[in-house]
Structures are given as C-alpha cells and as structure tokens.
>>> print(open('run_7.txt').read())   # compact mmCIF, C-alpha atoms
# COMPACT_ATOMS: atom_id res chain seq x y z
CA MET A 1 66.74 63.95 110.03
CA ASN A 2 63.22 64.92 111.12
CA CYS A 3 61.58 68.36 111.23
CA THR A 4 62.29 68.99 114.92
CA ARG A 5 65.98 68.24 114.56
CA LEU A 6 66.24 70.26 111.37
CA GLN A 7 64.72 73.31 113.00
CA GLN A 8 67.23 73.05 115.84
CA VAL A 9 70.20 73.22 113.47
CA LEU A 10 68.74 75.33 110.67
CA ASP A 11 70.56 78.51 111.73
CA ALA A 12 73.89 76.74 112.10
CA HIS A 13 73.28 75.28 108.65
CA ILE A 14 72.63 78.70 107.12
CA ASP A 15 75.75 79.98 108.87
CA GLY A 16 77.82 77.22 107.28
CA GLU A 17 78.86 75.84 110.65
CA LEU A 18 77.86 72.18 110.22
CA ASP A 19 79.92 69.25 109.02
CA ARG A 20 79.48 67.82 105.57
CA ALA A 21 77.47 64.74 106.65
CA THR A 22 74.85 66.80 108.52
CA THR A 23 74.71 69.34 105.71
CA GLY A 24 73.92 66.47 103.34
CA GLU A 25 71.13 65.14 105.56
CA ILE A 26 69.65 68.63 105.79
CA ALA A 27 69.72 69.08 102.02
CA THR A 28 67.88 65.77 101.58
CA HIS A 29 65.24 66.72 104.13
CA LEU A 30 64.75 70.23 102.68
CA ALA A 31 64.23 68.77 99.21
CA GLU A 32 61.40 66.60 100.53
CA CYS A 33 59.73 68.77 103.17
CA ALA A 34 57.94 71.90 101.96
CA GLY A 35 57.33 73.15 105.51
CA CYS A 36 61.00 73.15 106.45
CA ALA A 37 61.98 74.59 103.06
CA THR A 38 59.69 77.56 103.77
CA LEU A 39 61.38 78.11 107.13
CA ARG A 40 64.75 78.03 105.39
CA ASP A 41 63.58 80.58 102.82
CA GLN A 42 62.29 82.89 105.55
CA ARG A 43 65.64 82.73 107.32
CA SER A 44 67.56 83.41 104.13
CA ALA A 45 65.31 86.38 103.40
CA LEU A 46 65.90 87.70 106.92
CA ARG A 47 69.64 87.40 106.47
CA GLN A 48 69.53 89.29 103.18
CA GLU A 49 67.48 91.99 104.77
CA LEU A 50 69.87 92.28 107.72
CA ARG A 51 72.99 92.42 105.61
CA ALA A 52 71.47 94.90 103.20
CA HIS A 53 70.07 97.32 105.76
CA ALA A 54 71.78 97.03 109.14
CA ALA A 55 74.12 99.98 109.65
CA TYR A 56 77.82 99.26 109.78
CA PHE A 57 79.21 102.00 111.98
CA LYS A 58 82.73 102.78 110.85
CA ALA A 59 85.01 104.44 113.36
CA PRO A 60 84.78 108.25 113.02
CA ALA A 61 87.80 109.75 111.29
CA ALA A 62 88.89 111.58 114.45
CA LEU A 63 89.01 108.43 116.57
CA ALA A 64 92.24 106.86 115.30
CA PRO A 65 94.36 110.03 115.74
CA ALA A 66 92.90 110.54 119.23
CA LEU A 67 93.79 106.96 120.11
CA ARG A 68 97.36 107.35 118.84
CA ARG A 69 97.81 110.43 121.01
CA ALA A 70 96.41 108.63 124.05
CA LEU A 71 98.62 105.60 123.43
CA ALA A 72 101.73 107.72 122.93
CA GLN A 73 101.01 109.43 126.25
CA SER A 74 100.59 106.10 127.97
CA THR A 75 104.00 104.93 126.66
CA ASP A 76 105.59 108.09 128.11
CA VAL A 77 104.19 107.11 131.47
CA HIS A 78 105.56 103.64 130.96
CA SER A 79 109.08 104.83 130.23
CA ASP A 80 109.00 106.96 133.40
CA GLN A 81 108.37 103.79 135.30
CA ALA A 82 110.83 101.75 133.27
CA ALA A 83 112.72 100.73 136.38
CA LYS A 84 109.69 99.02 137.82
CA PRO A 85 108.60 95.67 136.50
CA ARG A 86 105.70 96.06 134.08
CA THR A 87 103.25 93.97 136.06
CA ALA A 88 103.72 95.96 139.24
CA GLY A 89 100.69 98.12 138.50
CA LEU A 90 98.36 95.23 137.85
CA SER A 91 96.14 93.79 140.48
CA TRP A 92 95.73 90.02 140.66
CA LEU A 93 92.24 90.54 139.41
CA HIS A 94 93.57 92.08 136.19
CA VAL A 95 96.11 89.34 135.74
CA THR A 96 93.59 86.57 136.28
CA ALA A 97 91.00 88.22 134.08
CA PHE A 98 93.53 88.63 131.33
CA ALA A 99 94.74 85.05 131.70
CA ALA A 100 91.16 83.85 131.39
CA VAL A 101 90.58 85.87 128.22
CA ALA A 102 93.91 84.78 126.75
CA ALA A 103 93.21 81.13 127.55
CA LEU A 104 89.77 81.33 125.99
CA VAL A 105 90.93 83.11 122.89
CA GLY A 106 93.75 80.60 122.60
CA LEU A 107 91.33 77.71 122.98
CA VAL A 108 88.72 78.77 120.54
CA SER A 109 90.91 80.40 117.96
CA GLY A 110 92.11 76.96 116.96
CA TYR A 111 90.27 77.80 113.77
CA TRP A 112 93.02 80.23 112.82
CA LEU A 113 95.73 78.17 114.46
CA ALA A 114 94.81 75.10 112.50
CA GLN A 115 95.64 76.88 109.27
CA PRO A 116 99.22 76.21 108.29
CA LEU A 117 100.93 79.53 107.69
CA ARG A 118 104.38 78.25 106.84
CA ASP A 119 103.41 76.62 103.60
CA ASN A 120 102.63 79.87 101.87
CA PRO A 121 105.01 82.70 102.70
CA LEU A 122 103.00 85.11 100.52
CA ARG A 123 99.97 85.30 102.80
CA ASP A 124 101.52 87.69 105.30
CA PRO A 125 102.79 90.15 102.68
CA ALA A 126 99.38 90.02 100.96
CA VAL A 127 97.61 90.86 104.22
CA ALA A 128 100.13 93.65 104.87
CA SER A 129 99.36 95.16 101.44
CA HIS A 130 95.62 94.82 102.06
CA VAL A 131 95.87 96.59 105.42
CA ALA A 132 98.11 99.32 104.00
CA ALA A 133 95.67 99.96 101.16
CA LEU A 134 92.78 100.42 103.59
CA ALA A 135 94.68 102.89 105.77
CA PRO A 136 93.37 106.45 105.80
CA LYS A 137 95.04 108.71 103.22
CA ARG A 138 95.99 105.75 101.10
CA GLN A 139 94.32 105.40 97.76
CA LEU A 140 92.40 102.14 97.60
CA ILE A 141 91.38 102.71 94.00
CA GLU A 142 93.23 104.57 91.22
CA ILE A 143 90.70 103.76 88.54
CA ALA A 144 87.16 103.56 89.85
CA SER A 145 84.82 101.63 87.62
CA SER A 146 82.46 98.72 87.83
CA ASP A 147 82.98 98.06 84.13
CA ARG A 148 85.61 95.41 83.50
CA HIS A 149 86.18 96.77 79.99
CA THR A 150 87.39 99.99 81.61
CA VAL A 151 89.41 98.42 84.39
CA LYS A 152 91.28 95.77 82.40
CA PRO A 153 92.79 98.07 79.73
CA TRP A 154 93.86 100.52 82.45
CA PHE A 155 96.69 98.12 83.37
CA GLN A 156 98.14 98.21 79.85
CA GLY A 157 101.56 99.79 79.79
CA LYS A 158 101.68 99.90 83.58
CA ILE A 159 102.59 96.26 84.23
CA ASP A 160 103.93 93.52 81.98
CA PHE A 161 101.07 91.06 82.41
CA ALA A 162 97.30 91.17 82.02
CA PRO A 163 95.38 90.36 85.21
CA PRO A 164 91.92 88.85 84.76
CA VAL A 165 89.10 91.28 85.61
CA LYS A 166 85.62 89.81 85.88
CA ASP A 167 82.10 91.03 86.27
CA LEU A 168 80.81 89.04 89.24
CA THR A 169 77.93 91.33 90.19
CA GLY A 170 75.44 88.51 89.71
CA GLU A 171 77.34 86.49 92.31
CA GLY A 172 77.32 89.34 94.85
CA TYR A 173 80.85 90.61 94.22
CA THR A 174 80.83 94.19 92.92
CA LEU A 175 83.84 95.45 90.99
CA LEU A 176 84.97 98.77 92.52
CA GLY A 177 88.11 99.42 90.47
CA ALA A 178 91.84 98.84 90.56
CA ARG A 179 95.23 100.25 91.46
CA LEU A 180 98.91 99.35 91.21
CA ASP A 181 100.39 97.89 94.37
CA GLN A 182 103.17 95.65 95.61
CA VAL A 183 103.21 92.31 97.37
CA ALA A 184 106.51 91.43 99.03
CA ASP A 185 108.26 94.11 96.93
CA LYS A 186 106.98 92.68 93.66
CA PRO A 187 104.84 94.92 91.45
CA ALA A 188 101.27 93.67 91.61
CA ALA A 189 97.92 94.53 90.10
CA ALA A 190 95.28 95.06 92.76
CA VAL A 191 91.70 94.58 91.57
CA VAL A 192 89.21 95.74 94.17
CA TYR A 193 85.83 94.12 94.70
CA GLN A 194 83.22 94.45 97.38
CA ILE A 195 80.89 91.85 98.85
CA ARG A 196 78.16 93.25 101.09
CA LYS A 197 80.09 95.83 103.14
CA HIS A 198 83.49 94.20 102.87
CA VAL A 199 86.34 95.12 100.55
CA ILE A 200 88.24 92.36 98.77
CA ASN A 201 91.71 93.11 97.40
CA LEU A 202 92.69 90.71 94.65
CA PHE A 203 96.46 90.90 94.16
CA VAL A 204 97.95 89.49 90.96
CA TRP A 205 101.65 89.32 90.18
CA ARG A 206 104.06 87.30 88.05
CA ALA A 207 104.91 83.86 89.40
CA THR A 208 108.52 82.76 89.45
CA ASP A 209 107.56 79.57 87.62
CA GLN A 210 104.67 78.15 85.63
CA ALA A 211 103.62 75.55 88.21
CA PRO A 212 99.92 75.91 89.06
CA ASP A 213 98.87 76.02 92.69
CA ALA A 214 95.45 74.97 94.01
CA ILE A 215 93.07 77.40 95.72
CA ALA A 216 93.74 77.47 99.45
CA THR A 217 92.13 79.68 102.11
CA ALA A 218 93.61 80.49 105.49
CA GLY A 219 93.13 82.98 108.27
CA VAL A 220 95.81 85.54 109.06
CA ARG A 221 95.32 88.02 111.93
CA GLY A 222 91.56 87.97 111.55
CA PHE A 223 91.63 88.33 107.76
CA SER A 224 90.85 85.60 105.27
CA VAL A 225 93.44 85.00 102.57
CA THR A 226 92.96 82.81 99.51
CA THR A 227 95.96 82.02 97.33
CA TRP A 228 96.42 80.20 94.06
CA ALA A 229 98.53 80.25 90.92
CA THR A 230 97.73 79.61 87.31
CA GLY A 231 99.13 80.49 83.89
CA GLY A 232 102.32 82.01 85.25
CA LEU A 233 100.43 84.38 87.58
CA ARG A 234 100.12 84.28 91.34
CA PHE A 235 96.90 85.37 93.03
CA ALA A 236 96.08 86.37 96.59
CA ALA A 237 92.61 87.56 97.62
CA VAL A 238 92.42 89.22 101.03
CA SER A 239 89.36 90.39 102.97
CA ASP A 240 87.68 90.26 106.34
CA VAL A 241 84.76 88.24 105.00
CA ASP A 242 84.09 84.65 105.81
CA GLY A 243 86.63 82.22 104.30
CA HIS A 244 83.84 80.48 102.37
CA ASP A 245 82.96 83.69 100.54
CA LEU A 246 86.59 84.21 99.60
CA THR A 247 87.07 80.64 98.38
CA ARG A 248 83.97 81.00 96.21
CA PHE A 249 85.33 84.31 94.90
CA ALA A 250 88.63 82.60 93.98
CA GLN A 251 86.76 79.84 92.17
CA LEU A 252 84.78 82.40 90.18
CA VAL A 253 87.85 84.46 89.28
CA SER A 254 89.91 81.42 88.27
CA THR A 255 87.19 79.91 86.10
CA PRO A 256 88.08 80.75 82.50
CA MET B 1 111.02 95.90 122.89
CA SER B 2 111.04 99.65 122.47
CA ASP B 3 107.82 101.58 122.95
CA THR B 4 107.88 102.88 119.38
CA SER B 5 108.05 99.42 117.90
CA LYS B 6 105.38 98.28 120.32
CA LEU B 7 103.18 101.12 119.09
CA SER B 8 103.69 100.27 115.45
CA ARG B 9 103.11 96.57 116.10
CA PHE B 10 99.95 97.44 118.03
CA GLU B 11 98.85 99.54 115.10
CA ALA B 12 99.35 96.69 112.62
CA VAL B 13 97.92 93.90 114.75
CA VAL B 14 95.15 95.53 116.77
CA LEU B 15 94.22 98.96 115.43
CA VAL B 16 93.56 97.56 111.96
CA HIS B 17 90.36 96.21 113.50
CA LEU B 18 89.22 99.62 114.71
CA ASP B 19 86.14 99.74 112.47
CA ALA B 20 84.99 96.33 113.67
CA ALA B 21 85.61 97.43 117.26
CA TYR B 22 83.68 100.66 116.81
CA ASN B 23 80.78 98.94 115.07
CA LEU B 24 80.43 96.45 117.94
CA ALA B 25 80.72 99.25 120.51
CA ARG B 26 78.12 101.34 118.72
CA TRP B 27 75.61 98.49 118.64
CA LEU B 28 76.31 97.52 122.26
CA THR B 29 76.17 100.99 123.81
CA ARG B 30 73.60 102.34 121.28
CA ASP B 31 75.30 105.68 121.77
CA ALA B 32 77.91 107.49 119.68
CA SER B 33 79.89 109.04 122.51
CA GLY B 34 79.54 105.86 124.57
CA ALA B 35 81.11 103.94 121.70
CA ASP B 36 83.95 106.48 121.48
CA ASP B 37 84.65 106.20 125.19
CA ALA B 38 84.44 102.42 125.27
CA VAL B 39 86.74 101.96 122.25
CA GLN B 40 89.28 104.40 123.65
CA ASP B 41 89.20 102.66 127.01
CA ALA B 42 89.53 99.26 125.32
CA CYS B 43 92.53 100.40 123.27
CA LEU B 44 94.37 101.56 126.36
CA ARG B 45 93.61 98.30 128.14
CA ALA B 46 94.60 96.23 125.11
CA PHE B 47 97.82 98.20 124.72
CA ARG B 48 98.75 97.62 128.34
CA PHE B 49 98.36 93.87 127.98
CA PHE B 50 99.65 93.73 124.43
CA ASP B 51 103.13 92.44 125.35
CA SER B 52 101.65 89.33 126.85
CA LEU B 53 99.26 88.74 123.96
CA GLN B 54 99.85 85.27 122.62
CA GLY B 55 97.69 83.49 120.15
CA PRO B 56 96.74 83.72 116.56
CA SER B 57 93.55 85.80 116.65
CA PRO B 58 94.33 89.30 117.91
CA LYS B 59 91.01 90.39 116.42
CA ALA B 60 88.94 88.12 118.67
CA TRP B 61 91.08 89.14 121.63
CA PHE B 62 90.67 92.86 120.91
CA MET B 63 86.93 92.49 120.32
CA ALA B 64 86.62 90.74 123.71
CA VAL B 65 88.39 93.68 125.37
CA VAL B 66 86.10 96.13 123.53
CA ARG B 67 83.02 94.22 124.60
CA ASN B 68 84.15 94.31 128.25
CA ALA B 69 84.75 98.05 128.01
CA CYS B 70 81.21 98.47 126.64
CA LEU B 71 79.71 96.44 129.47
CA ASP B 72 81.60 98.62 131.94
CA TRP B 73 80.29 101.75 130.22
CA LEU B 74 76.73 100.41 130.39
CA LYS B 75 77.18 99.58 134.07
CA ASP B 76 78.42 103.12 134.72
CA GLN B 77 75.38 104.54 132.99
CA ARG B 78 73.08 102.42 135.14
CA VAL B 79 74.87 103.44 138.33
CA ARG B 80 74.54 107.11 137.38
CA GLY B 81 70.90 106.49 136.67
CA THR B 82 71.25 107.92 133.19
CA ASP B 83 70.17 104.73 131.48
CA GLU B 84 66.71 105.82 130.53
CA SER B 85 64.35 103.20 129.31
CA TYR B 86 65.30 102.55 125.73
CA ASP B 87 63.12 104.19 123.15
CA ASP B 88 63.72 102.24 119.99
CA GLU B 89 61.78 104.51 117.65
CA LEU B 90 63.86 107.48 118.74
CA HIS B 91 67.20 105.66 118.63
CA ALA B 92 66.40 103.95 115.39
CA ALA B 93 65.57 107.24 113.76
CA SER B 94 68.73 108.93 114.99
CA ALA B 95 70.83 105.92 113.96
CA VAL B 96 69.44 106.05 110.45
CA GLU B 97 69.91 109.78 110.15
CA SER B 98 73.43 109.87 111.51
CA THR B 99 75.88 110.89 108.82
CA GLU B 100 78.41 108.13 109.39
CA CYS B 101 75.84 105.48 108.76
CA THR B 102 75.44 104.35 105.21
CA VAL B 103 71.86 103.15 105.29
CA ALA B 104 69.29 104.59 102.97
CA ARG B 105 66.39 106.29 104.66
CA ASP B 106 63.78 103.84 103.51
CA SER B 107 61.36 101.97 105.65
CA ASP B 108 63.14 98.61 105.31
CA ALA B 109 66.35 100.06 106.66
CA ARG B 110 64.43 101.74 109.44
CA TRP B 111 62.76 98.51 110.38
CA VAL B 112 65.97 96.48 110.44
CA GLN B 113 67.78 99.18 112.38
CA ALA B 114 65.08 99.50 115.01
CA GLY B 115 64.60 95.73 115.17
CA ILE B 116 68.22 94.97 116.00
CA ALA B 117 68.59 97.94 118.34
CA ALA B 118 65.58 96.80 120.36
CA LEU B 119 66.86 93.24 120.85
CA PRO B 120 68.10 92.29 124.30
CA ARG B 121 71.86 92.77 124.47
CA GLU B 122 72.84 89.10 124.46
CA TYR B 123 71.01 88.49 121.17
CA ARG B 124 72.05 91.80 119.66
CA GLU B 125 75.77 91.24 120.13
CA VAL B 126 75.93 87.76 118.61
CA LEU B 127 73.81 88.91 115.67
CA VAL B 128 76.06 91.91 114.97
CA LEU B 129 79.19 89.75 115.21
CA ARG B 130 77.73 87.16 112.87
CA GLU B 131 75.84 89.24 110.29
CA LEU B 132 77.96 92.38 110.15
CA GLU B 133 81.41 91.13 111.15
CA GLU B 134 80.85 87.67 109.64
CA LEU B 135 82.78 85.96 112.40
CA SER B 136 82.59 82.22 112.98
CA TYR B 137 80.78 80.69 115.96
CA LYS B 138 84.19 79.88 117.45
CA GLU B 139 85.33 83.47 117.29
CA ILE B 140 82.02 84.78 118.62
CA SER B 141 82.22 82.29 121.46
CA ALA B 142 85.67 83.67 122.37
CA ILE B 143 84.50 87.27 122.26
CA VAL B 144 81.26 86.84 124.17
CA ASP B 145 82.82 84.28 126.51
CA VAL B 146 80.12 81.60 126.23
CA PRO B 147 80.20 78.06 124.78
CA ILE B 148 79.60 77.59 121.05
CA GLY B 149 76.24 75.93 121.78
CA THR B 150 75.11 79.10 123.50
CA VAL B 151 76.21 81.23 120.54
CA MET B 152 74.11 78.96 118.33
CA SER B 153 70.99 79.18 120.49
CA ARG B 154 71.29 82.95 121.01
CA LEU B 155 71.60 83.51 117.26
CA SER B 156 68.51 81.37 116.67
CA ARG B 157 66.51 83.13 119.34
CA GLY B 158 67.61 86.57 118.15
CA ARG B 159 66.61 85.77 114.59
CA ASP B 160 63.26 84.36 115.80
CA LEU B 161 62.54 87.65 117.57
CA LEU B 162 63.52 89.72 114.54
CA GLN B 163 61.51 87.59 112.17
CA GLN B 164 58.47 87.91 114.41
CA ARG B 165 58.83 91.70 114.34
CA LEU B 166 59.20 91.67 110.60
CA LEU B 167 55.99 89.69 110.15
CA GLU B 168 54.12 91.97 112.56
CA SER B 169 55.29 95.13 110.82
CA ARG B 170 54.22 93.71 107.46
CA GLU B 171 50.81 92.83 108.93
CA ARG B 172 50.45 96.40 110.16
CA LYS B 173 51.40 97.77 106.77
CA ARG B 174 48.76 95.64 105.10
CA SER B 175 45.94 96.59 107.46
>>> encode(input="run_7.txt", output="structure tokens")
Amino acid sequence: MNCTRLQQVLDAHIDGELDRATTGEIATHLAECAGCATLRDQRSALRQELRAHAAYFKAPAALAPALRRALAQSTDVHSDQAAKPRTAGLSWLHVTAFAAVAALVGLVSGYWLAQPLRDNPLRDPAVASHVAALAPKRQLIEIASSDRHTVKPWFQGKIDFAPPVKDLTGEGYTLLGARLDQVADKPAAAVVYQIRKHVINLFVWRATDQAPDAIATAGVRGFSVTTWATGGLRFAAVSDVDGHDLTRFAQLVSTP
Amino acid sequence: MSDTSKLSRFEAVVLVHLDAAYNLARWLTRDASGADDAVQDACLRAFRFFDSLQGPSPKAWFMAVVRNACLDWLKDQRVRGTDESYDDELHAASAVESTECTVARDSDARWVQAGIAALPREYREVLVLRELEELSYKEISAIVDVPIGTVMSRLSRGRDLLQQRLLESRERKRS
C-alpha cells in the first residue's frame, strides 16, 4: 500500500466498505505514514462535524395523514376499475422503468438477501415492535432518563427479570429511557438508546432455555437487527443505523 | 389481495421509511413544499407498483422512487423557469431557522448546512444517504442508479469539496 493508493480508498475505508485484508494494509500504512494519518484525521473530523450538525428533516406531522387520505382515494379508483387488469393503465415506459428499478434493487440488495432470515424467527417480531414503538401517538419512552440508576429500578415489580441497563455515553450511545413492550406476544423490557440521530430499541425478554446464543446482525426491511442470548435472557437490538454500529452496541451491552 | 390489506402492508413495509424519504427529498429539492409534493407523488407511484414489488430491500426501492420524483419536481421547476440561481446563504439560513430542523443556531451548524446545500446534486445526494441515512454503498448505488465505484468516487469528491470549504471558512475566521 502506497500513499496514492491509500488516498484513493481512504473514504471507503472510513465508511467500513473494504475487506479485511485491505483494511489491514491500510492500518499498517497509517501507523507508519504521518501524512496519510493526518488526511485520515481530517476526514474523521469532517464526518463528526457532518453528523453532528447536518439537519435531519423529519417528515412534517401532517404529511402521513395526508398520504393515507391520498392512498385511500387511489384505492377507491382502483376498485372502480376492478374489472380491468391492473396493468392496463401503465405505459410500456412505466413497465420498463419499473422493471429496471426492480432489477437493480434486486441485484444490489444482495446485502440484505445474503442475511439468513430463517435461522432466527425473532427478528421479524422485534422489527415489528420497533416500528410500532416509533409510530406517532405511541409512547417510545415511559421513563425518560439518561441515568441507568433511575432506569434499571423502574422495571422492578413490572417484569420478572432484570434487564441490563448501561451507561454507554462515552461510546456514543445515549440512554434515553425505557418502556414495557412485547416481542412476539412475550412481555419484554425495551431500553431505548440513541446514536447520532437514530433510535435503538433494545428488547430483552425471558429465553425459553439457558442456552447462550452468539451475537448476530442481519438486515430486515431496511432495519438492522442484532440478536443474542445470555444468562436466560434473549436480546434483540433494532435500529436503522449501520449494522456495524449495532454489533458494537451489542458487544458493549453484553460485556459484563 | 384486498385493498385494505394492501394499504396496511404498504404502511408497514414502505411508509415506515417516510422520515428517510422526506429527509432525502428535502435535501434534493432544497424546498419544503417541493419535498412535500415529491414525497406525496412518490408514495402514489410506489403504491401503484407495490403489488409487483419483489426483493428484500423495500427501503432502497422506495428511496429510488422518491429520488425520481424529486428529479421530476426539479425538472418541472426548471421548465417553469422558477429555478432561480441558488443562493446558499439564504437557503442555509432558512434551513437552520426552520422549526422542524433540530440544529442549533451556531456557526458550525450554519456552515455544515450551507456547505452541503451548496454541493452539486450528485455529490449532495450520496453524502446525505451515507452520512444521514447511513446506508451502505450497495444501497446507495441502487437508489442513485450508478455503479458502486461511482458512489465511492462521488462521496470522495463531495467530501473534498466540503473539506475545502471548511478550511476556507476557518481561514476567513482567523483573518
């Protein structure tokens, strides 16, 4: 690895997009080359600045209801035309354009495809609970506190196990609070954290057996889900952050 | 499938990404009502084609539809001749002051806001998808419809431009 090559792949490296071998070569070069290390530091500083200050524009509250009305109207139109085949109204241009998009999405979303979903039937219910908790009018947090000594005792008498609650502020994960929830109809503790602008729901519930389960991250419908089991408890962390951030979160939470 | 169950499936699979969609639309159109229009348009389009949606990443698919709706909106603006030359100081200020935006009104935030808003569209969109939505290169490549190598080079170039601006603004502050 020389300086020219490093500078070509530096951004991909910072984005965590390179394979392990290249990442290793980069680390070796950065340890030896002060010039390239400075470039790396500048890029990291830029990223921090961007993530701290760039506005994340959430959809205005009125948008979702307006969309639902518009969609409901469009289904009325559809049922009027129920006799006609659905594609009748589409030009070939539409069909081809859609096919192209679908093919592309299919091609490149191998990332999500590659993740086996069958092996852990709890991922889908965990994502469903995460989505439900973020819906408007739902309460994401019943006890709001960034102090783990406030959040942890709150669960006493509400559920028959004690979920771990950690202060991970130093690692970039801010504790927001907690609530009671359900995953696949089982009562679960939901501990809510935030990294940058993204909410992480950590669901904890009683495992059916004591067998531990290793940390595994997968993508489900655009969300990252990390699952594991230890000490008779099952864990599922769900968020729309990068899978790497969620895996690291799981490692931090599961470290005694 | 009945229309009601289609609606509720659409809600669970596509509309859950409404914030991400709106954020992208807002950064692409640089206009609040433009973002509203584009997202609404995109939802109707997505809903129409929803039955034939196959594949594991509805989010990337929906974001691609949103992006196309934004490009159409921008084209419309140009045709109508309403696309005035972009004044980044003005837009940056209004973006920072807008109530839905959570940025503090300090100079750093102002700089970042104006810096991204002033980037050419092809750099701006990949940067927003990567830094704010935290999507992978693969997903960004699907949304923007370019090869992964192009995503990589656009991100690099976009960051170069921003970094240059940052250095310049710090120079100005010092002098």
>>> atom_distance(input="run_7.txt", atom1="CA of Asp185 (chain A)", atom2="CA of Val238 (chain A)")
17.1 Å
>>> atom_distance(input="run_7.txt", atom1="CA of Thr208 (chain A)", atom2="CA of Pro121 (chain A)")
13.7 Å
>>> residues_around(input="run_7.txt", residues="Ser153 (chain B)", least_positions_apart="3", cutoff="10 Å", atoms="only C-alpha atoms", output="PyMOL selection string")
(chain A and resi 8-9+11-12) or (chain B and resi 123+148-150+156-159)
>>> write_last_selection(input="run_7.txt", atoms="C-alpha atoms", output="tab-separated table (two decimals), keeping the file's coordinate frame")
chain	number	residue	atom	x	y	z
A	8	GLN	CA	67.23	73.05	115.84
A	9	VAL	CA	70.20	73.22	113.47
A	11	ASP	CA	70.56	78.51	111.73
A	12	ALA	CA	73.89	76.74	112.10
B	123	TYR	CA	71.01	88.49	121.17
B	148	ILE	CA	79.60	77.59	121.05
B	149	GLY	CA	76.24	75.93	121.78
B	150	THR	CA	75.11	79.10	123.50
B	156	SER	CA	68.51	81.37	116.67
B	157	ARG	CA	66.51	83.13	119.34
B	158	GLY	CA	67.61	86.57	118.15
B	159	ARG	CA	66.61	85.77	114.59
>>> closest_residue(input="run_7.txt", among="A:Ala135, A:Ala37, A:Ala126, A:Leu6", to="chain B", atoms="only C-alpha atoms")
A:Ala135
>>> closest_residue(input="run_7.txt", among="B:Ser175, B:Gln113, B:Ser169, B:Gln164", to="chain A", atoms="all atoms listed in the file")
B:Gln113
>>> atom_distance(input="run_7.txt", atom1="CA of Val225 (chain A)", atom2="CA of Gly170 (chain A)")
22.4 Å
>>> closest_residue(input="run_7.txt", among="A:Ala207, A:Ala250, A:Val183, A:Ala70", to="Ala229 (chain A)", atoms="only C-alpha atoms")
A:Ala207
>>> residues_around(input="run_7.txt", residues="region 17-21 of chain B", least_positions_apart="5", cutoff="8 Å", atoms="all atoms listed in the file", output="PyMOL selection string")
(chain A and resi 57-59+64) or (chain B and resi 39+59+62-63+66+133)
>>> residues_around(input="run_7.txt", residues="Arg196 (chain A)", least_positions_apart="3", cutoff="12 Å", atoms="all atoms listed in the file", output="VMD selection string")
(chain A and resid 47 to 56 169 171 to 175 193 199 to 200 239 to 242 245) or (chain B and resid 131 to 134)
